[in-house]
Amino acid sequence: MTATKTSVIHFSALDRWDPPQTSEAAASYAWPVVKLGDVADIRLGMQVPRKGSKSGEPRQYLRAINVRRSAVDLNDIKTMYVTEKQASGLVLQPGDLLFVEGSGSVTEVGRAARWDGSVPNVIHQNSVVRARLHDARLDPEYVVTWFNSREGNFYIREQATTTSGLYHIGAAKLANTPIPVPPLDLQRKIVSSYKETFRTAEKAQYRSETLTAAAWHRFGDQLVARAETGEASTIVGIAHFSALDRWDTDVAPIGISSPYPLVKLDSIAEVQLGVQLKRSHTGGQDVPYLRVANVQRGYVDTSDVKTMNVSPGTIDRLALQRDDLLFLEANSLEEVGRCARWDGQISKCIHQNHVIRARLDSNELLPEYVEAWFNSPAGGSHVRAHARTTSGTLYTIPVNVLATAPVPVPPREEQIRLVEKLREDLSEARAVQHEAERLPERAERDLVSALTSSL
């Protein structure tokens, strides 16, 4: 078999949603290339019968949601009724390769996993394409790794079609996907290296999340403590730490004391709800406004700021000032009440009614410290314990309830120390996070390097 030169697109284009119309400077595979259809028997699955149809016998089947990248998720396997004739040819065998035929994301079409035979006589739906390799030159794990890589998935992203936002590849187009065929030992080396780099990335991601959580808990733990005697400092009704992350809102507040004086938010700040967005309003002035999407935990995202037309009086009442604290009035229970400090990067900016503003009027508290307090598990417990919901998914915190949230008041020097330590700890977590994000890119580069350079 002679080597075949096949063009591959440069990395700058790999994540484009629209396939390039003209060929760019290209590299060439250093190994022979085959099409999937030449090395495997390919079969599309069966369409699920209409609801209520019970013709035949019940069979468990795999659908697109079960086929993850390099793994089959068996947590939710459904059953359809099929005849013996219909099931013929659809029963999966250990070693079969499974591909997602359609997805709402073009980058997820064609993701692949190898079936291990853990469920006997299981079949597959038409949203899953099965490929049964019959060419000994290819290692099945290598083929799965190839299709799950950004480079191997490029052909599928280019060929996938959509009419309604749902992307499809189809069995015929999938069969034409090119696969470089290096020697078996190199295939296995590529798989081992690719997987190991991703495992390292997952460990780094986990460590980053652990460091982040520890930083926030460490910050809060220095500001609150359980009351042990009747002589403890002022008791404020906020939930026990064991209940801080509960999703129900009927938590009976349990007293937690602080080694520092505790005050209510409205005693140290002017608390103000924003203005409701009107569908049509003219005669006023168009001004930028902040909405839920702009107020992230610990920072304001100004990459997409919209405008609304409001009266001069509304602008005067709601114009944000540097160091104003912004809180989410409505979101999931985990996110409602998250806080960000406004740094004044947009002049004459107001806020929508799903954002609550708190303007500190006390010199005893640093805005950076109060922001960090409300973003910590301890500081956010008041909001989570008192948030209301009617849908079970969208929680709101009334402005008058947020106004009663407790705030510990340590000396300014201690506030500075706490904030600086938190920043230091979060910086360490971000460094690990950056490493977690860098490693997958290295895995992709290494894979392409092994296939485009003769070793």
# chains A, B, ... in the order shown; residues from 1 in each chain; ligands from 1
$ residues_around --residues "Ile65 (chain A)" --least-positions-apart "5" --cutoff "12 Å" --atoms "only C-alpha atoms" --output "ChimeraX atom specification"
/A:71-78,98-104,108-109,111-113,124-125,127-128
$ select_by_dssp --residues "region 127-224 of chain A" --states "helix (DSSP H, G or I)" --output "PyMOL selection string"
chain A and resi 140-148+154-159+171-175+184-221
$ closest_atom_pairs --of "region 310-401 of chain A" --to "region 271-279 of chain A" --cutoff "8 Å" --atoms "only C-alpha atoms" --output "Markdown table"
| residue | atom | partner | partner_atom | distance |
| --- | --- | --- | --- | --- |
| A:Thr314 | CA | A:Val275 | CA | 8.0 |
| A:Leu318 | CA | A:Gly274 | CA | 6.8 |
| A:Ile350 | CA | A:Gly274 | CA | 7.5 |
| A:His351 | CA | A:Gly274 | CA | 5.0 |
| A:Gln352 | CA | A:Gly274 | CA | 4.5 |
| A:Asn353 | CA | A:Gly274 | CA | 3.8 |
| A:His354 | CA | A:Gly274 | CA | 6.8 |
| A:Val355 | CA | A:Gly274 | CA | 6.0 |
| A:Ile356 | CA | A:Leu273 | CA | 4.6 |
| A:Arg357 | CA | A:Gln272 | CA | 5.1 |
| A:Ala358 | CA | A:Val271 | CA | 4.4 |
| A:Arg359 | CA | A:Val271 | CA | 6.6 |
| A:Val399 | CA | A:Leu273 | CA | 6.6 |
$ residues_around --residues "Leu223 (chain A)" --least-positions-apart "2" --cutoff "8 Å" --atoms "only C-alpha atoms" --output "PDB file with C-alpha atoms, in the first residue's frame"
ATOM      1  CA  PHE A 219     -12.201  33.298  53.382  1.00  0.00           C
ATOM      2  CA  GLY A 220     -15.638  32.717  54.914  1.00  0.00           C
ATOM      3  CA  ASP A 221     -14.434  30.490  57.740  1.00  0.00           C
ATOM      4  CA  ALA A 225     -18.070  30.673  63.648  1.00  0.00           C
ATOM      5  CA  SER A 258     -18.957  36.060  64.076  1.00  0.00           C
ATOM      6  CA  PRO A 259     -15.892  37.220  65.969  1.00  0.00           C
ATOM      7  CA  TYR A 260     -16.614  40.645  64.435  1.00  0.00           C
ATOM      8  CA  PRO A 408     -19.276  40.984  59.390  1.00  0.00           C
TER       9      PRO A 408
END
$ atom_distance --atom1 "CA of Ala330 (chain A)" --atom2 "CA of Ala385 (chain A)"
14.0 Å
$ closest_residue --among "A:Leu265, A:Leu184, A:Leu62, A:Cys349" --to "Ala136 (chain A)" --atoms "only C-alpha atoms"
A:Leu184
$ residues_around --residues "Asn153 (chain A)" --least-positions-apart "3" --cutoff "12 Å" --atoms "only C-alpha atoms" --output "NGL selection string"
:A and (8-9 or 14-15 or 69 or 99-100 or 106-112 or 143-150 or 156-160 or 169 or 174 or 177-179 or 444)
$ atom_distance --atom1 "CA of Val34 (chain A)" --atom2 "CA of Gly95 (chain A)"
19.5 Å
$ select_by_dssp --residues "region 124-318 of chain A" --states "strand (DSSP E)" --output "VMD selection string"
chain A and resid 124 128 to 133 161 to 162 167 to 168 178 to 180 225 to 226 235 to 238 254 to 257 262 to 264 269 to 273 285 to 290 295 to 296 299 to 300 306 to 310
$ closest_residue --among "A:Asn294, A:Pro288, A:Gly344, A:Ser267" --to "Val310 (chain A)" --atoms "only C-alpha atoms"
A:Pro288
$ closest_residue --among "A:Ala87, A:Leu325, A:Ile315, A:Ala450" --to "Tyr369 (chain A)" --atoms "only C-alpha atoms"
A:Leu325
$ residues_around --residues "Lys421 (chain A)" --least-positions-apart "5" --cutoff "12 Å" --atoms "only C-alpha atoms" --output "PyMOL selection string"
chain A and resi 214-216+218-220+222+369+372+414-416+426-428
$ write_last_selection --atoms "all heavy atoms" --output "compact mmCIF listing (two decimals), in the first residue's frame"
# COMPACT_ATOMS: atom_id res chain seq x y z
N ALA A 214 -11.73 25.76 48.08
CA ALA A 214 -11.03 25.91 49.36
C ALA A 214 -10.74 27.38 49.66
O ALA A 214 -10.83 27.82 50.82
CB ALA A 214 -9.73 25.11 49.32
N ALA A 215 -10.40 28.15 48.63
CA ALA A 215 -10.11 29.57 48.82
C ALA A 215 -11.33 30.31 49.35
O ALA A 215 -11.23 31.11 50.30
CB ALA A 215 -9.63 30.19 47.51
N TRP A 216 -12.48 30.05 48.76
CA TRP A 216 -13.70 30.73 49.20
C TRP A 216 -14.12 30.30 50.60
O TRP A 216 -14.53 31.11 51.42
CB TRP A 216 -14.83 30.48 48.20
CG TRP A 216 -14.70 31.28 46.95
CD1 TRP A 216 -14.41 30.84 45.69
CD2 TRP A 216 -14.83 32.70 46.84
NE1 TRP A 216 -14.36 31.89 44.81
CE2 TRP A 216 -14.61 33.04 45.49
CE3 TRP A 216 -15.11 33.72 47.75
CZ2 TRP A 216 -14.68 34.35 45.02
CZ3 TRP A 216 -15.19 35.04 47.29
CH2 TRP A 216 -14.96 35.34 45.94
N ARG A 218 -12.14 29.15 52.93
CA ARG A 218 -11.15 29.67 53.87
C ARG A 218 -11.45 31.14 54.20
O ARG A 218 -11.36 31.56 55.35
CB ARG A 218 -9.74 29.52 53.28
CG ARG A 218 -8.63 29.84 54.23
CD ARG A 218 -7.33 29.19 53.82
NE ARG A 218 -7.06 29.31 52.40
CZ ARG A 218 -7.00 28.26 51.56
NH1 ARG A 218 -7.19 27.03 52.01
NH2 ARG A 218 -6.73 28.45 50.27
N PHE A 219 -11.84 31.89 53.18
CA PHE A 219 -12.20 33.30 53.38
C PHE A 219 -13.38 33.41 54.35
O PHE A 219 -13.35 34.16 55.33
CB PHE A 219 -12.55 33.93 52.04
CG PHE A 219 -13.04 35.35 52.13
CD1 PHE A 219 -12.14 36.40 52.09
CD2 PHE A 219 -14.39 35.62 52.25
CE1 PHE A 219 -12.59 37.72 52.17
CE2 PHE A 219 -14.85 36.94 52.32
CZ PHE A 219 -13.95 37.98 52.29
N GLY A 220 -14.45 32.63 54.08
CA GLY A 220 -15.64 32.72 54.91
C GLY A 220 -15.43 32.18 56.31
O GLY A 220 -15.98 32.71 57.29
N GLN A 222 -13.05 32.43 58.24
CA GLN A 222 -12.39 33.37 59.13
C GLN A 222 -13.32 34.49 59.59
O GLN A 222 -12.95 35.31 60.43
CB GLN A 222 -11.17 33.99 58.42
CG GLN A 222 -10.09 32.98 58.09
CD GLN A 222 -8.97 33.58 57.27
OE1 GLN A 222 -8.08 34.23 57.81
NE2 GLN A 222 -9.01 33.36 55.97
N TYR A 369 -13.95 43.86 49.82
CA TYR A 369 -14.21 42.91 50.90
C TYR A 369 -15.69 42.50 50.90
O TYR A 369 -16.00 41.31 51.03
CB TYR A 369 -13.83 43.53 52.25
CG TYR A 369 -14.47 42.82 53.42
CD1 TYR A 369 -13.99 41.60 53.87
CD2 TYR A 369 -15.60 43.37 54.05
CE1 TYR A 369 -14.60 40.93 54.93
CE2 TYR A 369 -16.22 42.71 55.11
CZ TYR A 369 -15.72 41.49 55.54
OH TYR A 369 -16.34 40.83 56.57
N ALA A 372 -16.43 40.13 48.06
CA ALA A 372 -15.91 38.78 48.35
C ALA A 372 -16.79 38.08 49.38
O ALA A 372 -17.05 36.87 49.27
CB ALA A 372 -14.47 38.86 48.83
N GLU A 414 -7.68 44.01 58.56
CA GLU A 414 -8.03 42.60 58.41
C GLU A 414 -8.79 42.37 57.10
O GLU A 414 -8.60 41.36 56.43
CB GLU A 414 -8.87 42.14 59.60
CG GLU A 414 -9.31 40.68 59.55
CD GLU A 414 -8.15 39.69 59.63
OE1 GLU A 414 -6.98 40.13 59.80
OE2 GLU A 414 -8.40 38.48 59.52
N GLN A 415 -9.64 43.31 56.71
CA GLN A 415 -10.33 43.20 55.42
C GLN A 415 -9.32 43.15 54.28
O GLN A 415 -9.44 42.33 53.37
CB GLN A 415 -11.27 44.39 55.23
CG GLN A 415 -12.43 44.46 56.20
CD GLN A 415 -13.25 45.73 56.00
OE1 GLN A 415 -13.54 46.13 54.88
NE2 GLN A 415 -13.64 46.36 57.11
N ILE A 416 -8.31 44.02 54.36
CA ILE A 416 -7.28 44.05 53.32
C ILE A 416 -6.54 42.72 53.28
O ILE A 416 -6.29 42.15 52.20
CB ILE A 416 -6.30 45.22 53.57
CG1 ILE A 416 -7.01 46.56 53.38
CG2 ILE A 416 -5.09 45.11 52.64
CD1 ILE A 416 -6.19 47.76 53.81
N LEU A 426 -6.93 32.40 44.76
CA LEU A 426 -7.65 32.26 43.49
C LEU A 426 -6.71 32.35 42.30
O LEU A 426 -6.93 31.71 41.26
CB LEU A 426 -8.74 33.33 43.38
CG LEU A 426 -9.91 33.19 44.37
CD1 LEU A 426 -10.90 34.35 44.18
CD2 LEU A 426 -10.63 31.85 44.17
N SER A 427 -5.64 33.14 42.44
CA SER A 427 -4.64 33.23 41.38
C SER A 427 -3.96 31.88 41.17
O SER A 427 -3.70 31.47 40.02
CB SER A 427 -3.61 34.31 41.72
OG SER A 427 -2.60 34.37 40.73
N GLU A 428 -3.67 31.19 42.27
CA GLU A 428 -3.08 29.86 42.16
C GLU A 428 -4.03 28.91 41.45
O GLU A 428 -3.63 28.13 40.58
CB GLU A 428 -2.74 29.32 43.55
CG GLU A 428 -2.13 27.92 43.52
CD GLU A 428 -1.92 27.34 44.91
OE1 GLU A 428 -2.24 28.02 45.90
OE2 GLU A 428 -1.44 26.19 44.99
$ atom_distance --atom1 "CA of Phe374 (chain A)" --atom2 "CA of Ala387 (chain A)"
14.3 Å
$ residues_around --residues "Thr396 (chain A)" --least-positions-apart "2" --cutoff "12 Å" --atoms "only C-alpha atoms" --output "compact mmCIF listing (two decimals) with all heavy atoms, in the first residue's frame"
# COMPACT_ATOMS: atom_id res chain seq x y z
N THR A 249 -35.76 25.83 49.62
CA THR A 249 -35.62 27.15 50.24
C THR A 249 -36.32 27.24 51.59
O THR A 249 -36.46 28.32 52.13
CB THR A 249 -36.23 28.21 49.31
OG1 THR A 249 -37.60 27.88 49.05
CG2 THR A 249 -35.48 28.30 48.02
N PHE A 327 -25.84 42.84 42.45
CA PHE A 327 -26.29 41.50 42.85
C PHE A 327 -27.33 41.00 41.86
O PHE A 327 -28.18 41.78 41.39
CB PHE A 327 -26.92 41.52 44.24
CG PHE A 327 -26.02 41.96 45.34
CD1 PHE A 327 -25.83 43.32 45.60
CD2 PHE A 327 -25.38 41.03 46.13
CE1 PHE A 327 -25.00 43.73 46.63
CE2 PHE A 327 -24.53 41.44 47.18
CZ PHE A 327 -24.35 42.79 47.42
N LEU A 328 -27.31 39.69 41.58
CA LEU A 328 -28.35 39.10 40.75
C LEU A 328 -29.62 38.95 41.57
O LEU A 328 -29.62 38.31 42.62
CB LEU A 328 -27.92 37.73 40.22
CG LEU A 328 -26.81 37.69 39.19
CD1 LEU A 328 -26.78 36.31 38.53
CD2 LEU A 328 -26.98 38.76 38.13
N GLU A 329 -30.72 39.51 41.07
CA GLU A 329 -32.01 39.40 41.74
C GLU A 329 -32.70 38.09 41.43
O GLU A 329 -33.52 37.60 42.21
CB GLU A 329 -32.89 40.59 41.33
CG GLU A 329 -34.26 40.65 41.96
CD GLU A 329 -35.34 39.98 41.11
OE1 GLU A 329 -35.07 39.71 39.92
OE2 GLU A 329 -36.44 39.73 41.65
N ALA A 330 -32.37 37.48 40.29
CA ALA A 330 -33.03 36.23 39.88
C ALA A 330 -32.05 35.36 39.11
O ALA A 330 -31.30 35.85 38.27
CB ALA A 330 -34.25 36.52 39.01
N ASN A 331 -32.05 34.06 39.40
CA ASN A 331 -31.22 33.09 38.70
C ASN A 331 -31.46 31.73 39.35
O ASN A 331 -32.41 31.55 40.11
CB ASN A 331 -29.75 33.48 38.74
CG ASN A 331 -28.98 33.01 37.52
OD1 ASN A 331 -28.70 31.83 37.37
ND2 ASN A 331 -28.66 33.94 36.63
N SER A 332 -30.58 30.76 39.07
CA SER A 332 -30.65 29.48 39.77
C SER A 332 -30.31 29.71 41.24
O SER A 332 -29.76 30.76 41.61
CB SER A 332 -29.65 28.50 39.15
OG SER A 332 -28.32 28.92 39.42
N LEU A 333 -30.63 28.74 42.09
CA LEU A 333 -30.34 28.90 43.51
C LEU A 333 -28.86 29.04 43.77
O LEU A 333 -28.43 29.72 44.70
CB LEU A 333 -30.91 27.72 44.30
CG LEU A 333 -30.83 27.84 45.83
CD1 LEU A 333 -31.55 29.09 46.33
CD2 LEU A 333 -31.39 26.61 46.50
N GLU A 334 -28.04 28.40 42.93
CA GLU A 334 -26.58 28.51 43.09
C GLU A 334 -26.08 29.90 42.74
O GLU A 334 -25.08 30.35 43.29
CB GLU A 334 -25.88 27.47 42.21
CG GLU A 334 -26.06 26.04 42.66
CD GLU A 334 -25.37 25.07 41.73
OE1 GLU A 334 -25.43 25.27 40.50
OE2 GLU A 334 -24.78 24.11 42.23
N GLU A 335 -26.75 30.57 41.79
CA GLU A 335 -26.22 31.83 41.26
C GLU A 335 -26.96 33.07 41.75
O GLU A 335 -26.42 34.18 41.64
CB GLU A 335 -26.24 31.79 39.73
CG GLU A 335 -25.36 30.72 39.12
CD GLU A 335 -23.89 30.87 39.50
OE1 GLU A 335 -23.43 32.02 39.65
OE2 GLU A 335 -23.22 29.84 39.67
N VAL A 336 -28.20 32.94 42.23
CA VAL A 336 -28.92 34.13 42.67
C VAL A 336 -28.13 34.80 43.79
O VAL A 336 -27.59 34.15 44.68
CB VAL A 336 -30.35 33.75 43.14
CG1 VAL A 336 -30.33 32.86 44.37
CG2 VAL A 336 -31.17 35.01 43.38
N GLY A 337 -28.02 36.13 43.71
CA GLY A 337 -27.27 36.88 44.71
C GLY A 337 -25.80 37.00 44.44
O GLY A 337 -25.10 37.65 45.23
N ARG A 338 -25.31 36.40 43.35
CA ARG A 338 -23.87 36.56 43.09
C ARG A 338 -23.57 38.04 42.90
O ARG A 338 -24.42 38.81 42.43
CB ARG A 338 -23.43 35.71 41.91
CG ARG A 338 -23.78 36.23 40.55
CD ARG A 338 -23.28 35.29 39.45
NE ARG A 338 -23.65 35.79 38.13
CZ ARG A 338 -24.08 35.03 37.13
NH1 ARG A 338 -24.19 33.73 37.29
NH2 ARG A 338 -24.40 35.58 35.96
N ASN A 353 -33.88 45.66 36.12
CA ASN A 353 -34.52 45.31 37.39
C ASN A 353 -34.17 43.91 37.90
O ASN A 353 -34.55 43.55 39.01
CB ASN A 353 -36.05 45.44 37.28
CG ASN A 353 -36.64 44.49 36.25
OD1 ASN A 353 -36.01 44.18 35.23
ND2 ASN A 353 -37.85 44.02 36.48
N HIS A 354 -33.45 43.10 37.12
CA HIS A 354 -32.98 41.82 37.62
C HIS A 354 -31.61 41.94 38.27
O HIS A 354 -30.99 40.95 38.65
CB HIS A 354 -32.94 40.78 36.50
CG HIS A 354 -34.31 40.38 36.03
ND1 HIS A 354 -35.29 39.97 36.89
CD2 HIS A 354 -34.85 40.35 34.79
CE1 HIS A 354 -36.39 39.69 36.21
NE2 HIS A 354 -36.15 39.92 34.93
N VAL A 355 -31.14 43.19 38.39
CA VAL A 355 -29.88 43.48 39.06
C VAL A 355 -30.14 44.48 40.19
O VAL A 355 -30.79 45.50 39.97
CB VAL A 355 -28.84 44.05 38.07
CG1 VAL A 355 -27.57 44.47 38.80
CG2 VAL A 355 -28.51 43.02 36.99
N ILE A 356 -29.66 44.16 41.38
CA ILE A 356 -29.80 45.04 42.54
C ILE A 356 -28.46 45.73 42.80
O ILE A 356 -27.41 45.09 42.78
CB ILE A 356 -30.23 44.25 43.78
CG1 ILE A 356 -31.57 43.55 43.54
CG2 ILE A 356 -30.32 45.16 45.00
CD1 ILE A 356 -31.96 42.58 44.63
N VAL A 383 -28.90 34.56 51.20
CA VAL A 383 -29.68 34.62 49.96
C VAL A 383 -30.27 33.25 49.64
O VAL A 383 -31.45 33.12 49.31
CB VAL A 383 -28.80 35.12 48.79
CG1 VAL A 383 -29.55 35.00 47.46
CG2 VAL A 383 -28.38 36.57 49.03
N ARG A 384 -29.45 32.20 49.73
CA ARG A 384 -29.95 30.87 49.39
C ARG A 384 -31.04 30.40 50.34
O ARG A 384 -31.95 29.66 49.96
CB ARG A 384 -28.79 29.86 49.36
CG ARG A 384 -27.86 30.06 48.17
CD ARG A 384 -26.95 28.85 47.99
NE ARG A 384 -26.05 28.68 49.12
CZ ARG A 384 -24.89 29.31 49.26
NH1 ARG A 384 -24.51 30.19 48.36
NH2 ARG A 384 -24.11 29.07 50.31
N ALA A 385 -30.94 30.82 51.61
CA ALA A 385 -31.95 30.40 52.59
C ALA A 385 -33.27 31.15 52.42
O ALA A 385 -34.32 30.63 52.80
CB ALA A 385 -31.42 30.62 54.01
N HIS A 386 -33.23 32.33 51.81
CA HIS A 386 -34.44 33.15 51.70
C HIS A 386 -34.92 33.35 50.27
O HIS A 386 -35.94 34.04 50.06
CB HIS A 386 -34.20 34.51 52.36
CG HIS A 386 -33.97 34.45 53.84
ND1 HIS A 386 -32.73 34.23 54.40
CD2 HIS A 386 -34.83 34.53 54.88
CE1 HIS A 386 -32.83 34.21 55.71
NE2 HIS A 386 -34.10 34.37 56.04
N ALA A 387 -34.22 32.81 49.30
CA ALA A 387 -34.67 32.96 47.91
C ALA A 387 -36.01 32.27 47.70
O ALA A 387 -36.31 31.26 48.34
CB ALA A 387 -33.62 32.38 46.96
N ARG A 388 -36.82 32.80 46.81
CA ARG A 388 -38.15 32.26 46.54
C ARG A 388 -38.22 31.71 45.12
O ARG A 388 -37.52 32.18 44.22
CB ARG A 388 -39.20 33.36 46.70
CG ARG A 388 -39.20 34.03 48.07
CD ARG A 388 -40.11 35.26 48.07
NE ARG A 388 -40.09 35.95 49.35
CZ ARG A 388 -40.73 37.10 49.58
NH1 ARG A 388 -41.39 37.69 48.59
NH2 ARG A 388 -40.67 37.66 50.78
N THR A 389 -39.08 30.72 44.93
CA THR A 389 -39.27 30.17 43.60
C THR A 389 -40.70 29.68 43.42
O THR A 389 -41.33 29.24 44.38
CB THR A 389 -38.30 29.00 43.33
OG1 THR A 389 -38.50 28.53 41.99
CG2 THR A 389 -38.53 27.84 44.30
N THR A 390 -41.20 29.78 42.20
CA THR A 390 -42.50 29.20 41.86
C THR A 390 -42.34 28.11 40.82
O THR A 390 -43.23 27.28 40.65
CB THR A 390 -43.45 30.28 41.30
OG1 THR A 390 -42.83 30.93 40.18
CG2 THR A 390 -43.79 31.32 42.37
N SER A 391 -41.19 28.09 40.14
CA SER A 391 -40.95 27.12 39.07
C SER A 391 -40.00 26.00 39.50
O SER A 391 -39.91 24.98 38.83
CB SER A 391 -40.37 27.82 37.85
OG SER A 391 -39.08 28.35 38.15
N GLY A 392 -39.27 26.20 40.58
CA GLY A 392 -38.29 25.22 41.00
C GLY A 392 -36.94 25.38 40.34
O GLY A 392 -35.98 24.71 40.72
N THR A 393 -36.85 26.25 39.35
CA THR A 393 -35.58 26.47 38.66
C THR A 393 -35.12 27.93 38.74
O THR A 393 -33.93 28.20 38.82
CB THR A 393 -35.67 26.06 37.17
OG1 THR A 393 -36.75 26.77 36.56
CG2 THR A 393 -35.92 24.56 37.05
N LEU A 394 -36.08 28.86 38.70
CA LEU A 394 -35.74 30.29 38.78
C LEU A 394 -36.03 30.78 40.19
O LEU A 394 -37.17 30.73 40.65
CB LEU A 394 -36.54 31.10 37.76
CG LEU A 394 -36.24 32.61 37.75
CD1 LEU A 394 -34.80 32.86 37.28
CD2 LEU A 394 -37.23 33.36 36.88
N PRO A 398 -35.94 39.04 46.91
CA PRO A 398 -36.50 40.39 46.95
C PRO A 398 -35.48 41.38 47.49
O PRO A 398 -34.67 41.06 48.36
CB PRO A 398 -37.70 40.24 47.89
CG PRO A 398 -38.05 38.78 47.84
CD PRO A 398 -36.75 38.07 47.66
N VAL A 399 -35.55 42.60 46.99
CA VAL A 399 -34.56 43.61 47.37
C VAL A 399 -34.61 43.88 48.87
O VAL A 399 -33.56 44.09 49.51
CB VAL A 399 -34.78 44.91 46.56
CG1 VAL A 399 -36.12 45.54 46.85
CG2 VAL A 399 -33.64 45.89 46.81
N ASN A 400 -35.83 43.82 49.48
CA ASN A 400 -35.93 44.10 50.91
C ASN A 400 -35.34 42.95 51.74
O ASN A 400 -34.89 43.15 52.87
CB ASN A 400 -37.38 44.34 51.31
CG ASN A 400 -38.27 43.13 51.08
OD1 ASN A 400 -38.20 42.51 50.02
ND2 ASN A 400 -39.10 42.80 52.05
N VAL A 401 -35.31 41.73 51.18
CA VAL A 401 -34.71 40.60 51.87
C VAL A 401 -33.19 40.66 51.76
O VAL A 401 -32.47 40.41 52.73
CB VAL A 401 -35.26 39.26 51.32
CG1 VAL A 401 -34.57 38.09 52.00
CG2 VAL A 401 -36.76 39.19 51.53
N LEU A 402 -32.70 40.98 50.57
CA LEU A 402 -31.25 41.15 50.41
C LEU A 402 -30.75 42.24 51.35
O LEU A 402 -29.64 42.13 51.91
CB LEU A 402 -30.91 41.50 48.96
CG LEU A 402 -29.42 41.73 48.67
CD1 LEU A 402 -28.62 40.45 48.84
CD2 LEU A 402 -29.23 42.29 47.26
